[in-house]
Amino acid sequence: MLMYSVKRLGLAVIIVSLAMLMLFSMIYLIPGDPAAVALGPRATEAMREALRIKMGLDQPVWVQFWNFFTNAWTGDLGNEVLSDRPVAEVVMEQLPYTLALIAGGISWSVALGIPLGCWAAVKRGSMPDRIVGILSVAVIAVPSFVVAIYALLIFAVTLRWLPAIGAGEPGDLGDQLVHLILPSLAVGLGWVGYIARMVRASMLEVLEAQHIRTARAFGLPENMITYRYALTIAILPTVTLLGVGIGQMLSSAVFAEIVFARPGVGKLVYDAILTRNYPLVTGAVLVTTVLFVLLNLIADLIVGALDPRVRSRF
Amino acid sequence: MTQSRDFGVSRRSFLAAAGAFGAASVAVPRMALSQDGSVLTVRSYSDLQVLDPAFRLSLPEDDIIRSIFAPLLIPQAGDTWGWKAIAVDSIEQLDDVTVSFRLKDNIGFTDGFGQMTAEDVKFSIERMADPAMESPYAGDWATLKEVEVKDKLSGLIHLKNKFVPLWTTTLPTPASCILSKRAMEELGDKITTKPVAQSGQYLLADWQPKQKTILKRNPDWAHEPGGFDEIHIIPIEDPATAERGFEAGDLDYTWTSVSSLPRLKENPPAGSVVLEKPSLAYVWLGMNQDNEALKDIRIRRAIQHAIDRQTVVDAAYFGAASVGNGIIAPGLPGSRDSVAYDYDPDKARALLAEAGASNLFVTLDILNQSERLTAAQVIQANLADVGVTCEIKQNDSGTFWTLGSKDGEYFMNLQLLLQRFSMQPDPSWATVWFTPEQVGVWNWERFDNAEYKALHDQGLSESDEGKRDEIYRKMQGLMDESGCYVFLTHEVVGAIHRDTIVPGLKPNGESLLSEFKSA
């Protein structure tokens, strides 16, 4: 297990490094002058030039990349262009909101997807199975921003049950949870479908396995067979899927953060790209990349711990 | 083999519980915070980033800055342009180059920085004008000679030469916000997001990045108080999101998108008031006269004649905005009723034939916003009607705002562009961007006219309204003659607010937070 973990960790470091290299390359292919955007129409050419120098844009790209990378290892992501605040501080302010959103999305997808998948598998071929199948494909097909807009119009604007904007008062957990319901539903609903499909397929395979037949032959209750013996095995691919899904949810989070006017890293990066605020873009993307890789790593390690065959194959 | 399972919740009990939850939710609908009268919740289109009056970046910051750092003057709320004294008891133009002022006696700075004095006024104004500070707003005080301190509360602002926009676009802006000299010297840098030595009607109590800015009424402000105990400013970039937030009861006031105005006016949410204000902004179709395909003035003139401005504006603004005839909005000196070269497709075809420009292909660069795209599509159809093929190129804001810059690589390839500039209530604010020294900076049409520049300079020191009107009309006439411009509209500003509040708005609909009151 230790060797497996070390190898996975090494791979994670390589992935993060390559992602940052690609990001840096892409940033310099985008047209636009960050100094002009940041300072607005009234700035003189001298002011714009001074800002370019301050941002290090007068140096070759490889020097900028090297400086960023070496500083990043020490936790210094530089300073934000406009307010001059440390990028790490700006990103860390926003990160909890995005993590909460993703956690909420995962909660929706797990809480609804796993029971629906199990139910469909147990009722294989029946009407409920077909309904779950159709619903699963439907929610997968609907983009998260569409879910976000309709959820907002129904539950916030028409019914006024839930708030439309913001993330709730800091320190008031209840208020924050209420503000999380609709955005996390928008982020997680599509994954209800994915997980339901995955769990159903996996359950059907496991329910045909020898040990399940043996359990039935021994006359164990069906609930015990389904949830204790079948689901614990059938859920393994779902753990891996969720690891990948977090990346998808990070991108969906941008829409949810915009539609519900929530703070968060997704919106932070979006705004920073529009204003060509390069230090903030690189810093925020580095943090989210590390987060994504880390969560995938955790998912892999969990699967490795649960299934020795995975460890031996790596 | 299947077995029935008992989850302990029957279908009947589940439905009953869900029904009860729904009924309870409807019975206790969510309410806007301001309904108790003490908190105003408004939307701004961007979060704050810099609170230094000399380095502010956006209108929402202007609004916060003038609420927390008392300015000499602010714009007057209402339908006519004017100013209102905030930090001064009296202020007066003694002659063309001298303004006297006297501060109110009991304005204090927070954080123990004492009383506001004329020395602080001298420091604040001269700081902004100082070239070494590199303030983008140094131009507001470009004609400043010095501020002379007469006594603790009185002083004289000396100008190098007469500057008419002083009373419209310098003094009633954050350019006249007064900072504590001692506090700034101790800080030794510009103010970022943590204000020091606040002095206004409100104080910045909390800033939650990307979420909320909270202003609280300044308990030590001894003059006309702010209208609310607290103002919560929510940064929401997307107007549609803000409109939904208002309809859901989360906001008391927001700007709306122009496209939503007809719907909101026809069917306003209960307990709300929809406002429509004339904007000072100006939108135009520009043509780069140095581009090879557009060098012949007959081709540019043909394009001027090809565009049906009324249709473009009606389509892009859903009938809410009217056609504009220049860069200066109605109500200001220099505003016009017509343009020299209007829609005449037959004349356009004739000019193109005369110029030998058959099968002309042009590109039209726009910002990727819905009303710009709609306007561009109508322009594209208009041009197709006279035999010109037009390709629309959409750009994100980061790219768009550098297209015509002489530092870039694209400026000579730029052909047509759909452009919008915002504006202050003085015509010089519009004309300044089209002078020869702005070629390749913000003058992307590369319109280069020495007479225009001379008239611009003349306008800055001409105080006679009639003569100013004539000067600025003539300048727009020169723009018409260049063939580089098709003036489209001044747009319209939409806003919506609860009927429990009275918003403090400039005549062009921009908000003055400190002037918002309860109804």
# chains A, B, ... in the order shown; residues from 1 in each chain; ligands from 1
>>> interface_residues(of="chain B", to="chain A", cutoff="6 Å", atoms="only C-alpha atoms", output="ChimeraX atom specification")
/B:25,29-30,49-50,136,192,210-211,236,241,245,247-248,398-399,402
>>> select_by_dssp(residues="region 46-204 of chain B", states="helix (DSSP H, G or I)", output="PyMOL selection string")
chain B and resi 59-68+118-129+131-133+138-141+166-170+174-176+181-187
>>> atom_distance(atom1="CA of Val269 (chain A)", atom2="CA of Ala12 (chain A)")
22.1 Å
>>> residues_around(residues="Glu510 (chain B)", least_positions_apart="4", cutoff="9 Å", atoms="only C-alpha atoms", output="PDB file with N, CA, C and O atoms, in the first residue's frame")
ATOM      1  N   LEU B  59     -17.385  52.497 -10.989  1.00  0.00           N
ATOM      2  CA  LEU B  59     -18.460  53.328 -10.418  1.00  0.00           C
ATOM      3  C   LEU B  59     -18.906  52.855  -9.037  1.00  0.00           C
ATOM      4  O   LEU B  59     -19.112  53.684  -8.143  1.00  0.00           O
ATOM      5  N   TRP B 255     -29.844  47.954 -10.790  1.00  0.00           N
ATOM      6  CA  TRP B 255     -29.935  48.303 -12.206  1.00  0.00           C
ATOM      7  C   TRP B 255     -30.510  47.094 -12.916  1.00  0.00           C
ATOM      8  O   TRP B 255     -30.315  45.965 -12.473  1.00  0.00           O
ATOM      9  N   SER B 279     -29.362  57.832 -20.341  1.00  0.00           N
ATOM     10  CA  SER B 279     -27.938  57.631 -20.047  1.00  0.00           C
ATOM     11  C   SER B 279     -27.104  58.699 -20.747  1.00  0.00           C
ATOM     12  O   SER B 279     -27.543  59.308 -21.718  1.00  0.00           O
ATOM     13  N   VAL B 493     -30.919  53.827 -19.073  1.00  0.00           N
ATOM     14  CA  VAL B 493     -30.575  53.083 -17.851  1.00  0.00           C
ATOM     15  C   VAL B 493     -31.876  52.643 -17.185  1.00  0.00           C
ATOM     16  O   VAL B 493     -32.771  53.457 -16.963  1.00  0.00           O
ATOM     17  N   GLY B 504     -31.514  57.506  -4.303  1.00  0.00           N
ATOM     18  CA  GLY B 504     -30.809  58.728  -4.673  1.00  0.00           C
ATOM     19  C   GLY B 504     -30.036  58.460  -5.948  1.00  0.00           C
ATOM     20  O   GLY B 504     -29.061  57.710  -5.935  1.00  0.00           O
ATOM     21  N   LEU B 505     -30.488  59.052  -7.045  1.00  0.00           N
ATOM     22  CA  LEU B 505     -29.868  58.763  -8.348  1.00  0.00           C
ATOM     23  C   LEU B 505     -29.457  60.045  -9.041  1.00  0.00           C
ATOM     24  O   LEU B 505     -30.156  61.061  -8.960  1.00  0.00           O
ATOM     25  N   LYS B 506     -28.338  59.983  -9.746  1.00  0.00           N
ATOM     26  CA  LYS B 506     -27.956  61.092 -10.616  1.00  0.00           C
ATOM     27  C   LYS B 506     -28.943  61.123 -11.787  1.00  0.00           C
ATOM     28  O   LYS B 506     -29.637  60.123 -12.043  1.00  0.00           O
TER      29      LYS B 506
END
>>> residues_around(residues="Ser5 (chain A)", least_positions_apart="5", cutoff="10 Å", atoms="only C-alpha atoms", output="JSON, numbers by chain")
{"A": [10, 11, 297, 298, 300, 301, 304, 311]}
>>> write_last_selection(atoms="N, CA and C atoms", output="CSV table (one decimal), in the first residue's frame")
chain,number,residue,atom,x,y,z
A,10,GLY,N,3.5,10.7,-6.7
A,10,GLY,CA,4.5,11.2,-7.7
A,10,GLY,C,3.7,11.6,-9.0
A,11,LEU,N,2.8,10.7,-9.4
A,11,LEU,CA,2.0,11.0,-10.6
A,11,LEU,C,1.2,12.3,-10.4
A,297,LEU,N,-6.6,11.6,-5.9
A,297,LEU,CA,-5.6,10.7,-5.3
A,297,LEU,C,-6.3,10.0,-4.1
A,298,ILE,N,-7.1,10.8,-3.3
A,298,ILE,CA,-7.8,10.2,-2.2
A,298,ILE,C,-8.7,9.1,-2.6
A,300,ASP,N,-8.5,7.3,-5.3
A,300,ASP,CA,-7.7,6.1,-5.7
A,300,ASP,C,-7.2,5.4,-4.5
A,301,LEU,N,-6.7,6.1,-3.5
A,301,LEU,CA,-6.2,5.4,-2.3
A,301,LEU,C,-7.3,4.7,-1.6
A,304,GLY,N,-7.9,1.7,-3.6
A,304,GLY,CA,-6.8,0.8,-3.4
A,304,GLY,C,-6.9,0.1,-2.1
A,311,ARG,N,-4.3,-2.4,-6.2
A,311,ARG,CA,-2.9,-2.1,-5.7
A,311,ARG,C,-1.9,-2.9,-6.5
>>> closest_residue(among="A:Ala253, A:Leu57, A:Ile212, A:Val244", to="Thr226 (chain A)", atoms="only C-alpha atoms")
A:Ile212
>>> residues_around(residues="Ala138 (chain A)", least_positions_apart="6", cutoff="10 Å", atoms="only C-alpha atoms", output="PDB file with N, CA, C and O atoms, in the first residue's frame")
ATOM      1  N   VAL A 132     -36.560   5.144 -13.535  1.00  0.00           N
ATOM      2  CA  VAL A 132     -35.251   5.610 -13.043  1.00  0.00           C
ATOM      3  C   VAL A 132     -34.282   5.779 -14.210  1.00  0.00           C
ATOM      4  O   VAL A 132     -33.525   6.756 -14.280  1.00  0.00           O
ATOM      5  N   GLY A 190     -27.069  16.496 -12.141  1.00  0.00           N
ATOM      6  CA  GLY A 190     -26.596  15.671 -13.245  1.00  0.00           C
ATOM      7  C   GLY A 190     -25.909  14.413 -12.749  1.00  0.00           C
ATOM      8  O   GLY A 190     -26.041  13.327 -13.335  1.00  0.00           O
ATOM      9  N   GLY A 193     -27.907  11.233 -11.885  1.00  0.00           N
ATOM     10  CA  GLY A 193     -28.117  10.320 -13.002  1.00  0.00           C
ATOM     11  C   GLY A 193     -26.926   9.410 -13.235  1.00  0.00           C
ATOM     12  O   GLY A 193     -27.068   8.191 -13.370  1.00  0.00           O
TER      13      GLY A 193
END
>>> closest_residue(among="A:Ala215, A:Ile131, A:Val239, A:Val254", to="Asn296 (chain A)", atoms="only C-alpha atoms")
A:Val239
>>> residues_around(residues="Leu418 (chain B)", least_positions_apart="6", cutoff="8 Å", atoms="only C-alpha atoms", output="PyMOL selection string")
chain B and resi 283-286+364-367+372+376
>>> residues_around(residues="Ile225 (chain A)", least_positions_apart="5", cutoff="10 Å", atoms="only C-alpha atoms", output="MDAnalysis selection string")
chainID A and resid 207 211:213 215:216 219:220 230:231
